[in-house]
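Engineer: So I've got this file, coords_31.tsv, and it contains TSV, C-alpha atoms and all ligand atoms:
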```tsv
chain	number	residue	atom	x	y	z
A	478	MET	CA	-106.84	74.04	-55.54
A	479	ARG	CA	-104.51	75.61	-53.00
A	480	ILE	CA	-105.77	75.85	-49.42
A	481	ASP	CA	-104.03	77.75	-46.64
A	482	VAL	CA	-105.18	77.92	-43.04
A	483	ILE	CA	-103.86	80.41	-40.46
A	484	THR	CA	-104.48	79.35	-36.85
A	485	ILE	CA	-102.99	79.37	-33.35
A	486	PHE	CA	-103.71	75.63	-33.12
A	487	PRO	CA	-102.12	74.06	-36.23
A	488	ASP	CA	-102.57	70.50	-34.92
A	489	TYR	CA	-106.35	71.10	-34.90
A	490	LEU	CA	-106.12	70.92	-38.70
A	491	ASN	CA	-104.39	67.51	-38.79
A	492	PRO	CA	-107.65	65.86	-40.00
A	493	LEU	CA	-107.03	67.66	-43.31
A	494	ARG	CA	-104.31	65.05	-43.89
A	495	GLU	CA	-106.61	62.10	-43.23
A	496	ALA	CA	-109.02	59.98	-45.33
A	497	LEU	CA	-110.72	61.63	-48.31
A	498	LEU	CA	-108.87	64.93	-47.83
A	499	GLY	CA	-105.56	63.16	-47.32
A	500	LYS	CA	-106.07	61.27	-50.57
A	501	ALA	CA	-106.88	64.52	-52.38
A	502	VAL	CA	-103.55	65.89	-51.15
A	503	GLU	CA	-101.70	62.69	-52.17
A	504	ARG	CA	-103.28	62.87	-55.64
A	505	GLU	CA	-102.32	66.56	-55.78
A	506	ARG	CA	-105.94	67.62	-56.30
A	507	ILE	CA	-105.31	70.06	-53.46
A	508	SER	CA	-102.29	71.50	-51.69
A	509	VAL	CA	-102.74	72.35	-48.01
A	510	GLY	CA	-100.64	74.79	-46.00
A	511	VAL	CA	-101.29	75.23	-42.25
A	512	HIS	CA	-99.62	78.26	-40.67
A	513	ASP	CA	-99.16	79.07	-36.98
A	514	LEU	CA	-100.31	82.66	-36.42
A	515	ARG	CA	-97.79	83.01	-33.60
A	516	THR	CA	-95.04	82.91	-36.26
A	517	TRP	CA	-95.80	86.60	-36.81
A	518	THR	CA	-95.62	87.73	-33.19
A	519	HIS	CA	-92.54	89.54	-31.89
A	520	ASP	CA	-92.81	89.30	-28.13
A	521	VAL	CA	-91.55	86.62	-25.82
A	522	HIS	CA	-95.10	85.57	-24.97
A	523	LYS	CA	-96.11	85.39	-28.66
A	524	THR	CA	-99.16	87.52	-27.90
A	525	VAL	CA	-101.99	87.34	-30.44
A	526	ASP	CA	-104.82	89.09	-28.59
A	527	ASP	CA	-105.59	92.15	-26.47
A	528	SER	CA	-108.48	93.75	-24.57
A	529	PRO	CA	-111.36	95.13	-26.63
A	530	TYR	CA	-111.68	98.91	-27.11
A	531	GLY	CA	-114.89	100.06	-25.46
A	532	GLY	CA	-114.58	97.38	-22.78
A	533	GLY	CA	-116.53	94.17	-22.55
A	534	PRO	CA	-115.66	90.53	-21.93
A	535	GLY	CA	-113.06	88.48	-23.75
A	536	MET	CA	-110.12	89.41	-25.94
A	537	VAL	CA	-109.77	90.51	-29.56
A	538	MET	CA	-107.10	89.16	-31.92
A	539	LYS	CA	-104.49	91.77	-32.80
A	540	PRO	CA	-104.56	93.40	-36.27
A	541	ASP	CA	-100.79	93.80	-36.52
A	542	VAL	CA	-100.15	90.06	-36.09
A	543	TRP	CA	-102.92	89.11	-38.52
A	544	GLY	CA	-101.76	91.73	-40.99
A	545	GLU	CA	-98.24	90.31	-41.09
A	546	ALA	CA	-99.57	86.77	-41.36
A	547	LEU	CA	-101.82	87.57	-44.31
A	548	ASP	CA	-99.03	89.55	-45.99
A	549	ALA	CA	-96.76	86.49	-45.65
A	550	VAL	CA	-99.31	83.86	-46.76
A	551	CYS	CA	-100.83	85.97	-49.54
A	552	PRO	CA	-98.29	88.69	-50.40
A	553	PRO	CA	-99.91	91.93	-51.64
A	554	ALA	CA	-97.47	92.15	-54.54
A	555	ALA	CA	-98.21	88.59	-55.75
A	556	GLU	CA	-99.82	88.15	-59.18
A	557	THR	CA	-102.72	86.11	-57.80
A	558	SER	CA	-104.86	86.66	-54.74
A	559	PRO	CA	-106.92	84.08	-52.86
A	560	ARG	CA	-110.45	84.25	-51.60
A	561	LEU	CA	-110.13	84.89	-47.86
A	562	VAL	CA	-112.64	83.03	-45.68
A	563	VAL	CA	-113.18	84.13	-42.09
A	564	PRO	CA	-115.41	81.82	-40.06
A	565	THR	CA	-117.46	83.79	-37.52
A	566	PRO	CA	-120.82	83.37	-35.77
A	567	ALA	CA	-121.63	86.80	-37.21
A	568	GLY	CA	-121.10	85.62	-40.79
A	569	ARG	CA	-123.54	84.85	-43.58
A	570	PRO	CA	-124.65	81.21	-43.64
A	571	PHE	CA	-122.30	78.71	-45.25
A	572	THR	CA	-124.39	76.67	-47.69
A	573	GLN	CA	-123.96	73.94	-50.30
A	574	ASP	CA	-124.29	76.65	-52.95
A	575	LEU	CA	-121.34	78.49	-51.40
A	576	ALA	CA	-119.39	75.22	-51.28
A	577	HIS	CA	-119.98	74.81	-55.02
A	578	GLU	CA	-118.95	78.43	-55.64
A	579	TRP	CA	-115.72	78.04	-53.65
A	580	SER	CA	-114.94	74.69	-55.33
A	581	ARG	CA	-114.30	76.70	-58.50
A	582	GLU	CA	-111.71	78.91	-56.76
A	583	PRO	CA	-107.99	78.21	-57.39
A	584	TRP	CA	-106.93	79.37	-53.90
A	585	LEU	CA	-108.69	79.66	-50.56
A	586	VAL	CA	-107.16	81.09	-47.38
A	587	PHE	CA	-108.97	80.44	-44.08
A	588	ALA	CA	-108.35	82.75	-41.11
A	589	CYS	CA	-109.22	81.00	-37.84
A	590	GLY	CA	-110.26	83.54	-35.24
A	591	ARG	CA	-110.56	82.78	-31.54
A	592	TYR	CA	-111.62	84.67	-28.48
A	593	GLU	CA	-114.04	87.50	-29.37
A	594	GLY	CA	-112.86	87.49	-32.98
A	595	ILE	CA	-110.33	89.32	-35.10
A	596	ASP	CA	-109.97	93.14	-35.11
A	597	GLN	CA	-112.39	94.27	-37.86
A	598	ARG	CA	-109.72	96.34	-39.58
A	599	VAL	CA	-108.02	93.10	-40.71
A	600	VAL	CA	-111.05	92.14	-42.80
A	601	ASP	CA	-111.58	95.73	-43.95
A	602	GLU	CA	-107.97	96.02	-45.14
A	603	ALA	CA	-107.88	92.55	-46.75
A	604	SER	CA	-111.14	93.33	-48.60
A	605	GLU	CA	-109.29	96.07	-50.49
A	606	ARG	CA	-107.07	93.47	-52.19
A	607	MET	CA	-108.99	90.16	-52.24
A	608	PRO	CA	-112.55	88.84	-51.94
A	609	VAL	CA	-113.40	88.17	-48.30
A	610	ASP	CA	-116.25	85.97	-47.05
A	611	GLU	CA	-117.21	86.13	-43.37
A	612	VAL	CA	-119.29	82.98	-42.93
A	613	SER	CA	-121.04	80.99	-40.21
A	614	ILE	CA	-121.58	77.22	-40.22
A	615	GLY	CA	-124.62	77.54	-37.97
A	616	ASP	CA	-126.43	79.48	-35.28
A	617	TYR	CA	-124.26	78.44	-32.36
A	618	VAL	CA	-120.97	79.58	-30.88
A	619	LEU	CA	-117.69	77.68	-31.05
A	620	VAL	CA	-114.44	78.48	-29.27
A	621	GLY	CA	-112.60	79.06	-32.54
A	622	GLY	CA	-112.84	78.85	-36.29
A	623	GLU	CA	-110.84	75.64	-36.73
A	624	VAL	CA	-113.83	73.27	-36.50
A	625	ALA	CA	-115.72	75.45	-38.99
A	626	VAL	CA	-112.75	75.33	-41.39
A	627	LEU	CA	-112.61	71.53	-41.24
A	628	ALA	CA	-116.31	71.33	-42.11
A	629	MET	CA	-116.11	73.85	-44.92
A	630	VAL	CA	-112.92	72.43	-46.46
A	631	GLU	CA	-114.43	68.93	-46.51
A	632	SER	CA	-117.65	70.15	-48.12
A	633	VAL	CA	-115.68	72.05	-50.80
A	634	VAL	CA	-112.97	69.48	-51.56
A	635	ARG	CA	-115.45	66.62	-52.01
A	636	LEU	CA	-116.91	68.58	-54.92
A	637	LEU	CA	-113.62	68.72	-56.80
A	638	PRO	CA	-113.37	66.42	-59.84
A	639	GLY	CA	-111.64	63.13	-59.05
A	640	VAL	CA	-111.98	63.39	-55.27
A	641	LEU	CA	-115.14	61.38	-54.67
A	642	GLY	CA	-115.05	57.75	-55.84
A	643	ASN	CA	-118.49	58.18	-57.40
A	644	PRO	CA	-119.07	61.71	-58.78
A	645	ALA	CA	-122.81	60.98	-58.87
A	646	SER	CA	-122.80	61.20	-55.07
A	647	ALA	CA	-122.18	64.92	-55.22
A	648	GLN	CA	-124.94	65.33	-57.80
A	649	GLN	CA	-127.45	63.64	-55.46
A	650	ASP	CA	-126.45	65.45	-52.30
A	651	SER	CA	-128.95	66.87	-49.92
A	652	PHE	CA	-129.66	70.41	-51.15
A	653	SER	CA	-128.50	69.55	-54.71
A	654	ASP	CA	-132.15	69.90	-55.80
A	655	GLY	CA	-133.02	72.24	-52.96
A	656	LEU	CA	-134.45	69.43	-50.82
A	657	LEU	CA	-133.17	67.28	-47.98
A	658	GLU	CA	-132.27	63.72	-48.91
A	659	GLY	CA	-134.85	61.09	-48.02
A	660	PRO	CA	-134.16	57.92	-45.98
A	661	SER	CA	-131.64	55.30	-47.14
A	662	TYR	CA	-131.61	51.53	-46.61
A	663	THR	CA	-129.21	48.61	-47.16
A	664	ARG	CA	-129.03	44.88	-46.33
A	665	PRO	CA	-130.40	43.00	-44.44
A	666	GLU	CA	-133.88	43.08	-45.99
A	667	VAL	CA	-135.44	42.83	-42.50
A	668	TRP	CA	-133.62	44.16	-39.46
A	669	ARG	CA	-135.08	43.70	-35.93
A	670	GLY	CA	-138.46	43.12	-37.51
A	671	ARG	CA	-138.25	46.24	-39.70
A	672	PRO	CA	-138.41	45.55	-43.46
A	673	VAL	CA	-136.92	47.69	-46.21
A	674	PRO	CA	-139.79	49.53	-48.03
A	675	ASP	CA	-141.10	47.17	-50.75
A	676	VAL	CA	-140.82	49.76	-53.52
A	677	LEU	CA	-137.02	49.87	-53.10
A	678	ARG	CA	-136.82	46.13	-53.84
A	679	SER	CA	-139.34	46.28	-56.70
A	680	GLY	CA	-136.88	47.01	-59.51
A	681	ASN	CA	-139.40	49.59	-60.78
A	682	HIS	CA	-137.04	52.54	-61.26
A	683	GLY	CA	-139.84	54.99	-62.00
A	684	ALA	CA	-141.69	54.06	-58.84
A	685	ILE	CA	-138.45	54.16	-56.84
A	686	ALA	CA	-137.61	57.64	-58.12
A	687	ARG	CA	-141.15	58.84	-57.29
A	688	TRP	CA	-140.99	57.32	-53.79
A	689	ARG	CA	-137.60	58.90	-53.11
A	690	ARG	CA	-138.82	62.30	-54.33
A	691	ASP	CA	-141.92	62.07	-52.14
A	692	LYS	CA	-139.82	61.14	-49.09
A	693	ALA	CA	-137.43	64.04	-49.77
A	694	LEU	CA	-140.36	66.46	-50.05
A	695	GLU	CA	-141.97	65.07	-46.89
A	696	ARG	CA	-138.72	65.27	-44.89
A	697	THR	CA	-138.02	68.79	-46.15
A	698	TRP	CA	-141.56	69.90	-45.33
A	699	ARG	CA	-141.30	68.50	-41.80
A	700	ARG	CA	-137.73	69.60	-40.95
A	701	ARG	CA	-136.85	72.60	-43.15
A	702	PRO	CA	-140.08	74.06	-44.62
A	703	GLU	CA	-138.27	77.28	-45.47
A	704	LEU	CA	-136.30	75.35	-48.13
A	705	LEU	CA	-139.56	74.66	-49.98
A	706	ASP	CA	-140.34	78.37	-49.99
A	707	ALA	CA	-136.88	79.06	-51.44
A	708	LEU	CA	-137.29	76.68	-54.41
A	709	PRO	CA	-137.20	78.41	-57.80
A	710	GLU	CA	-140.47	78.86	-59.70
A	711	GLY	CA	-141.50	75.61	-61.35
A	712	ALA	CA	-139.21	73.41	-59.23
A	713	LEU	CA	-142.24	71.44	-57.98
A	714	ASP	CA	-144.33	69.64	-60.56
A	715	ARG	CA	-147.98	68.54	-60.17
A	716	LYS	CA	-147.03	65.18	-58.61
A	717	ASP	CA	-144.70	66.96	-56.14
A	718	ARG	CA	-147.55	69.17	-55.02
A	719	GLU	CA	-149.78	66.11	-54.52
A	720	ALA	CA	-147.12	64.45	-52.30
A	801	LIG	O1	-118.36	80.46	-32.98
A	801	LIG	C1	-117.27	80.72	-33.74
A	801	LIG	C2	-116.09	81.23	-33.15
A	801	LIG	C3	-114.99	81.50	-33.96
A	801	LIG	C4	-115.05	81.29	-35.32
A	801	LIG	C5	-116.22	80.79	-35.90
A	801	LIG	C6	-117.33	80.51	-35.12
A	801	LIG	C7	-118.55	80.00	-35.77
A	801	LIG	C8	-119.73	79.64	-35.19
A	801	LIG	C9	-120.56	79.24	-36.25
A	801	LIG	N1	-119.87	79.36	-37.38
A	801	LIG	O2	-118.63	79.83	-37.09
```
Take the structure in the file and write it out as structure tokens.
Structural biologist:
Amino acid sequence: MRIDVITIFPDYLNPLREALLGKAVERERISVGVHDLRTWTHDVHKTVDDSPYGGGPGMVMKPDVWGEALDAVCPPAAETSPRLVVPTPAGRPFTQDLAHEWSREPWLVFACGRYEGIDQRVVDEASERMPVDEVSIGDYVLVGGEVAVLAMVESVVRLLPGVLGNPASAQQDSFSDGLLEGPSYTRPEVWRGRPVPDVLRSGNHGAIARWRRDKALERTWRRRPELLDALPEGALDRKDREA
């Protein structure tokens, strides 16, 4: 997978070279290009934003600069086009399902907006030549898209074959079965007077699986009940419903 990120703060993306992501780059599972948007400005101040039409607070990122940047990073005449991802608080929710969908893409380009966002015509024009996803990582406001890109790239890259040490981890993620993961425990057996639940030390794999499922259902019901409503028909068996 090829990943390109366009930003006015390239150093913000340095974590893409660290740890799990850094190893994926070393092993050539992914290639990462980070591009400074100001490369495509033509004034001495390297201006990337301007006042919004119609008035209002803040500044809007200029379409001409973004247009040249996208033309350079993903040339219109090229044989292949990427999926363009634009993080924005006004986007559709980024989910584990979307991470799985993007993990099958050969090329992702992330456009990091700042200020009040990017002139809408940039997305409208790009949408005529490549798939564009405007996505949000949550119902809160950041200063820019860089943090959102780090989160999304990590969630996508960890799904690629050969990136995680134990592929089973990705199969047992929270949300993999539509539920939140239940609680986890490790040594010591008793910590500050709190024991590990007996069932987890019983060696009874059926009972352990049942206990874990029940805890996942309970946690989901308490914290994200809407996920239970979104489960496909038949996802909960009789024992689940008794939990
Ligand atoms: O708040 C933002 C500002 C710029 C780019 C993205 C965001 C955002 C907020 C939540 N998800 O994305």
Engineer: Write out as a list in words each polymer residue whose atoms come within 12 Å of Ser651 (chain A), counting all atoms listed in the file; drop sequence neighbours fewer than 2 positions from it.
Structural biologist: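 Within the cut-off, the hits are Thr572, Gln573, Asp574, Ser632, Ser646, Ala647, Gln648, Gln649, Ser653, Asp654, Gly655, Leu656, Leu657, Glu658, Gly659, Pro660, Arg690, Ala693, Leu694, Arg696, Thr697, Arg701 and Leu704 of chain A.
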Engineer: Taking all atoms listed in the file and a cut-off of 7 Å, can you tell me which residues surround ligand LIG 801 (chain A), written as JSON, numbers by chain?
Structural biologist: {"A": [564, 565, 566, 589, 590, 591, 594, 612, 613, 614, 615, 616, 617, 618, 619, 620, 621, 622, 625]}
Engineer: Can you work out the spacing between CA of Val630 (chain A) and CA of Thr518 (chain A) in Å, to one decimal?
Structural biologist: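 Value for the CA of Val630 (chain A)-CA of Thr518 (chain A) distance: 26.6 Å.
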Engineer: For the atom pair CA of Pro665 (chain A) and CA of Ala686 (chain A), what is the interatomic distance in Å to one decimal place?
Structural biologist: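 Distance reported for this atom pair: 21.3 Å.
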Engineer: Choose the residue, out of A:Val599, A:Val482, A:Ile685, A:Val673, that has the smallest atom-to-atom separation from Lys539 (chain A); count all atoms listed in the file.
Structural biologist: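 That would be A:Val599, the residue with the smallest distance to Lys539 (chain A).
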Engineer: For the point (-108.9, 83.3, -46.5) in file coordinates, what residues are within 6 Å, counting all atoms listed in the file? Give the answer as a list in words?
Structural biologist: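 So the residues meeting the distance criterion are Arg560, Leu561, Val562, Leu585, Val586, Phe587 and Ala588 of chain A.
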Engineer: Okay, now the selection with C-alpha atoms, as a PDB file, keeping the file's coordinate frame?
Structural biologist:
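Result saved to out_21.pdb:
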```
ATOM      1  CA  ARG A 560    -110.450  84.250 -51.600  1.00  0.00           C
ATOM      2  CA  LEU A 561    -110.130  84.890 -47.860  1.00  0.00           C
ATOM      3  CA  VAL A 562    -112.640  83.030 -45.680  1.00  0.00           C
ATOM      4  CA  LEU A 585    -108.690  79.660 -50.560  1.00  0.00           C
ATOM      5  CA  VAL A 586    -107.160  81.090 -47.380  1.00  0.00           C
ATOM      6  CA  PHE A 587    -108.970  80.440 -44.080  1.00  0.00           C
ATOM      7  CA  ALA A 588    -108.350  82.750 -41.110  1.00  0.00           C
TER       8      ALA A 588
END
```
Engineer: Skip Arg635 (chain A) itself and residues of its chain fewer than 6 positions away, then list as a list of chain:residue names all residues within 12 Å of it, counting all atoms listed in the file.
Structural biologist: A:Met478, A:Ala496, A:Leu497, A:Leu498, A:Gly499, A:Lys500, A:Ala501, A:Val502, A:Arg506, A:Ile507, A:Gln573, A:Ala576, A:His577, A:Trp579, A:Ser580, A:Ala628, A:Met629, A:Leu641, A:Gly642, A:Asn643, A:Pro644, A:Ala645, A:Ser646, A:Ala647, A:Gln648, A:Asp650
Engineer: Can you list every residue of region 616-719 of chain A that has an atom at most 9 Å from region 484-489 of chain A, with its nearest atom pair and the distance in Å to one decimal, using only C-alpha atoms, ordered by chain then number, as a tab-separated table?
Structural biologist:
```
residue	atom	partner	partner_atom	distance
A:Gly622	CA	A:Thr484	CA	8.4
A:Glu623	CA	A:Tyr489	CA	6.6
A:Val624	CA	A:Tyr489	CA	8.0
A:Leu627	CA	A:Tyr489	CA	8.9
```
Engineer: Report as number ranges by chain all protein, DNA and RNA residues lying within 12 Å of Thr524 (chain A), evaluated on all atoms listed in the file, omitting residues in the same chain fewer than 5 positions from it.
Structural biologist: A: 485, 514-519, 536-543
Engineer: For a test of reading the model, state the distance in Å between CA of Val676 (chain A) and CA of Trp688 (chain A), rounded to one decimal.
Structural biologist: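 Those two atoms sit 7.6 Å apart.
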Engineer: A:Asp691, A:Glu593, A:Glu582, A:Glu605: which is nearest Val633 (chain A), counting all atoms listed in the file?
Structural biologist: A:Glu582
Engineer: Need to verify the contact set: Gly510 (chain A), 7 Å, only C-alpha atoms, exclusion of same-chain residues closer than 2 positions in sequence. Can you return it as a list in words?
Structural biologist: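 Here the qualifying residues turn out to be Ile480, Asp481, Val482, Ser508 and His512 of chain A.
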Engineer: So that I can check the surroundings of region 552-559 of chain A, please list as a ChimeraX atom specification every protein, DNA and RNA residue that reaches within 6 Å of it, counting all atoms listed in the file and ignoring chain neighbours fewer than 3 positions away.
Structural biologist: /A:548-549,584-585,607
Engineer: Please report, as AutoDock Vina command-line options, the centre and edge lengths in Å to one decimal of an axis-aligned box covering all listed atoms of region 547-551 of chain A with 8 Å per side.
Structural biologist:
```
--center_x -99.3 --center_y 86.7 --center_z -46.9 --size_x 21.1 --size_y 21.7 --size_z 21.2
```
